[in-house]
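See below for target_26.pdb, which holds PDB, C-alpha atoms.
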```
ATOM      1  CA  MET A   1      54.804-248.495  89.697  1.00  0.00           C
ATOM      2  CA  ASN A   2      58.249-248.440  88.246  1.00  0.00           C
ATOM      3  CA  ARG A   3      58.629-246.253  85.150  1.00  0.00           C
ATOM      4  CA  LEU A   4      60.398-249.065  83.253  1.00  0.00           C
ATOM      5  CA  LYS A   5      57.566-251.517  83.956  1.00  0.00           C
ATOM      6  CA  LEU A   6      55.014-248.961  82.856  1.00  0.00           C
ATOM      7  CA  GLN A   7      56.886-248.355  79.594  1.00  0.00           C
ATOM      8  CA  ASP A   8      57.057-252.134  79.030  1.00  0.00           C
ATOM      9  CA  LEU A   9      53.277-252.321  79.483  1.00  0.00           C
ATOM     10  CA  PHE A  10      52.787-249.497  76.982  1.00  0.00           C
ATOM     11  CA  ASP A  11      55.022-251.248  74.453  1.00  0.00           C
ATOM     12  CA  ALA A  12      53.201-254.531  74.936  1.00  0.00           C
ATOM     13  CA  ALA A  13      49.841-252.814  74.439  1.00  0.00           C
ATOM     14  CA  ARG A  14      51.043-251.162  71.239  1.00  0.00           C
ATOM     15  CA  SER A  15      52.305-254.442  69.816  1.00  0.00           C
ATOM     16  CA  GLU A  16      49.016-256.281  70.369  1.00  0.00           C
ATOM     17  CA  GLY A  17      46.594-256.580  67.485  1.00  0.00           C
ATOM     18  CA  ALA A  18      42.827-256.317  67.443  1.00  0.00           C
ATOM     19  CA  PRO A  19      40.878-259.297  68.746  1.00  0.00           C
ATOM     20  CA  SER A  20      39.714-261.773  66.136  1.00  0.00           C
ATOM     21  CA  VAL A  21      36.102-261.796  67.340  1.00  0.00           C
ATOM     22  CA  ASP A  22      33.768-259.590  65.283  1.00  0.00           C
ATOM     23  CA  VAL A  23      30.640-258.641  67.191  1.00  0.00           C
ATOM     24  CA  ALA A  24      29.648-255.661  65.068  1.00  0.00           C
ATOM     25  CA  ASP A  25      26.670-257.390  63.436  1.00  0.00           C
ATOM     26  CA  THR A  26      25.165-258.583  66.710  1.00  0.00           C
ATOM     27  CA  VAL A  27      25.755-255.216  68.389  1.00  0.00           C
ATOM     28  CA  MET A  28      24.209-253.339  65.467  1.00  0.00           C
ATOM     29  CA  ALA A  29      21.185-255.674  65.446  1.00  0.00           C
ATOM     30  CA  SER A  30      20.729-255.172  69.190  1.00  0.00           C
ATOM     31  CA  LEU A  31      20.961-251.399  68.866  1.00  0.00           C
ATOM     32  CA  ALA A  32      18.516-251.375  65.946  1.00  0.00           C
ATOM     33  CA  ALA A  33      15.979-253.433  67.913  1.00  0.00           C
ATOM     34  CA  ARG A  34      16.321-251.136  70.910  1.00  0.00           C
ATOM     35  CA  ARG A  35      15.916-248.040  68.714  1.00  0.00           C
ATOM     36  CA  HIS A  36      12.692-249.394  67.168  1.00  0.00           C
ATOM     37  CA  ALA A  37      11.276-250.213  70.608  1.00  0.00           C
ATOM     38  CA  THR A  38      12.138-246.740  71.895  1.00  0.00           C
ATOM     39  CA  SER A  39      10.704-244.998  68.852  1.00  0.00           C
ATOM     40  CA  ALA A  40       7.457-246.994  69.134  1.00  0.00           C
ATOM     41  CA  VAL A  41       6.990-245.814  72.729  1.00  0.00           C
ATOM     42  CA  LEU A  42       7.860-242.250  71.745  1.00  0.00           C
ATOM     43  CA  ASN A  43       5.484-242.303  68.787  1.00  0.00           C
ATOM     44  CA  ARG A  44       2.693-243.668  70.973  1.00  0.00           C
ATOM     45  CA  SER A  45       3.154-240.904  73.553  1.00  0.00           C
ATOM     46  CA  LEU A  46       3.303-238.244  70.828  1.00  0.00           C
ATOM     47  CA  LEU A  47       0.081-239.651  69.374  1.00  0.00           C
ATOM     48  CA  TRP A  48      -1.696-239.318  72.713  1.00  0.00           C
ATOM     49  CA  MET A  49      -0.359-235.786  73.201  1.00  0.00           C
ATOM     50  CA  SER A  50      -1.526-234.731  69.743  1.00  0.00           C
ATOM     51  CA  MET A  51      -4.955-236.254  70.326  1.00  0.00           C
ATOM     52  CA  GLY A  52      -5.256-234.373  73.622  1.00  0.00           C
ATOM     53  CA  SER A  53      -4.172-231.068  72.140  1.00  0.00           C
ATOM     54  CA  SER A  54      -6.559-231.549  69.213  1.00  0.00           C
ATOM     55  CA  ALA A  55      -9.426-232.159  71.646  1.00  0.00           C
ATOM     56  CA  VAL A  56      -8.537-229.000  73.577  1.00  0.00           C
ATOM     57  CA  ALA A  57      -8.297-227.014  70.339  1.00  0.00           C
ATOM     58  CA  ALA A  58     -11.701-228.304  69.227  1.00  0.00           C
ATOM     59  CA  ALA A  59     -13.227-227.305  72.571  1.00  0.00           C
ATOM     60  CA  VAL A  60     -11.726-223.829  72.279  1.00  0.00           C
ATOM     61  CA  MET A  61     -13.073-223.499  68.730  1.00  0.00           C
ATOM     62  CA  VAL A  62     -16.575-224.493  69.857  1.00  0.00           C
ATOM     63  CA  ALA A  63     -16.421-222.052  72.767  1.00  0.00           C
ATOM     64  CA  ALA A  64     -15.196-219.262  70.471  1.00  0.00           C
ATOM     65  CA  TYR A  65     -17.952-219.995  67.957  1.00  0.00           C
ATOM     66  CA  VAL A  66     -20.622-219.919  70.668  1.00  0.00           C
ATOM     67  CA  ALA A  67     -19.206-216.711  72.135  1.00  0.00           C
ATOM     68  CA  TRP A  68     -18.921-215.092  68.703  1.00  0.00           C
ATOM     69  CA  HIS A  69     -22.475-215.816  67.595  1.00  0.00           C
ATOM     70  CA  GLY A  70     -24.176-215.823  70.964  1.00  0.00           C
ATOM     71  CA  SER A  71     -23.136-212.403  72.186  1.00  0.00           C
ATOM     72  CA  GLY A  72     -24.411-209.304  70.441  1.00  0.00           C
ATOM     73  CA  SER A  73     -22.172-206.968  72.397  1.00  0.00           C
ATOM     74  CA  VAL A  74     -19.029-208.630  71.054  1.00  0.00           C
ATOM     75  CA  ASN A  75     -20.282-208.179  67.504  1.00  0.00           C
ATOM     76  CA  GLU A  76     -21.075-204.527  68.145  1.00  0.00           C
ATOM     77  CA  ILE A  77     -17.595-203.873  69.516  1.00  0.00           C
ATOM     78  CA  LEU A  78     -15.991-205.624  66.556  1.00  0.00           C
ATOM     79  CA  LYS A  79     -18.067-203.598  64.099  1.00  0.00           C
ATOM     80  CA  MET A  80     -16.985-200.378  65.802  1.00  0.00           C
ATOM     81  CA  VAL A  81     -13.270-201.224  65.481  1.00  0.00           C
ATOM     82  CA  ALA A  82     -13.438-203.096  62.167  1.00  0.00           C
ATOM     83  CA  TRP A  83     -11.919-200.151  60.338  1.00  0.00           C
ATOM     84  CA  VAL A  84      -8.622-200.781  62.197  1.00  0.00           C
ATOM     85  CA  ALA A  85      -8.271-204.222  60.625  1.00  0.00           C
ATOM     86  CA  GLN A  86      -8.735-202.852  57.091  1.00  0.00           C
TER      87      GLN A  86
END
```
Could you render the structure as structure tokens?
Amino acid sequence: MNRLKLQDLFDAARSEGAPSVDVADTVMASLAARRHATSAVLNRSLLWMSMGSSAVAAAVMVAAYVAWHGSGSVNEILKMVAWVAQ
């Protein structure tokens, strides 16, 4: 493209004003609706993950409680080394 034509195009682009159509409100409303839909899906998945991890933690706590009170040898070992924790 000729350098003079390119400079004319640049000048014409600089002289143009902004379009008279304002779409900011509709764009912002669309983005807000999309953000709420995305956050609802994210919150739902985080809820399921937290429920699953809570169930696993509860199972581990029950297993630890049974192991702690069911086994005499574990208690004996802990009594022998209890002075380290103090």
Original post:
Do you have the CA of Ala67 (chain A)-CA of Met49 (chain A) distance handy?
Top reply: 26.8 Å
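The spacing separating CA of Trp68 (chain A) from CA of Val81 (chain A) amounts to 15.3 Å.
The two atoms in question, CA of Ala33 (chain A) and CA of Val21 (chain A), are spaced 21.8 Å apart.
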Please determine an axis-aligned box that encloses all atoms of region 3-15 of chain A listed in the file, with 5 Å added on each side, and express its centre and edge lengths in Å to one decimal as JSON.
```
{"center_x": 55.1, "center_y": -250.4, "center_z": 77.5, "size_x": 20.6, "size_y": 18.3, "size_z": 25.3}
```
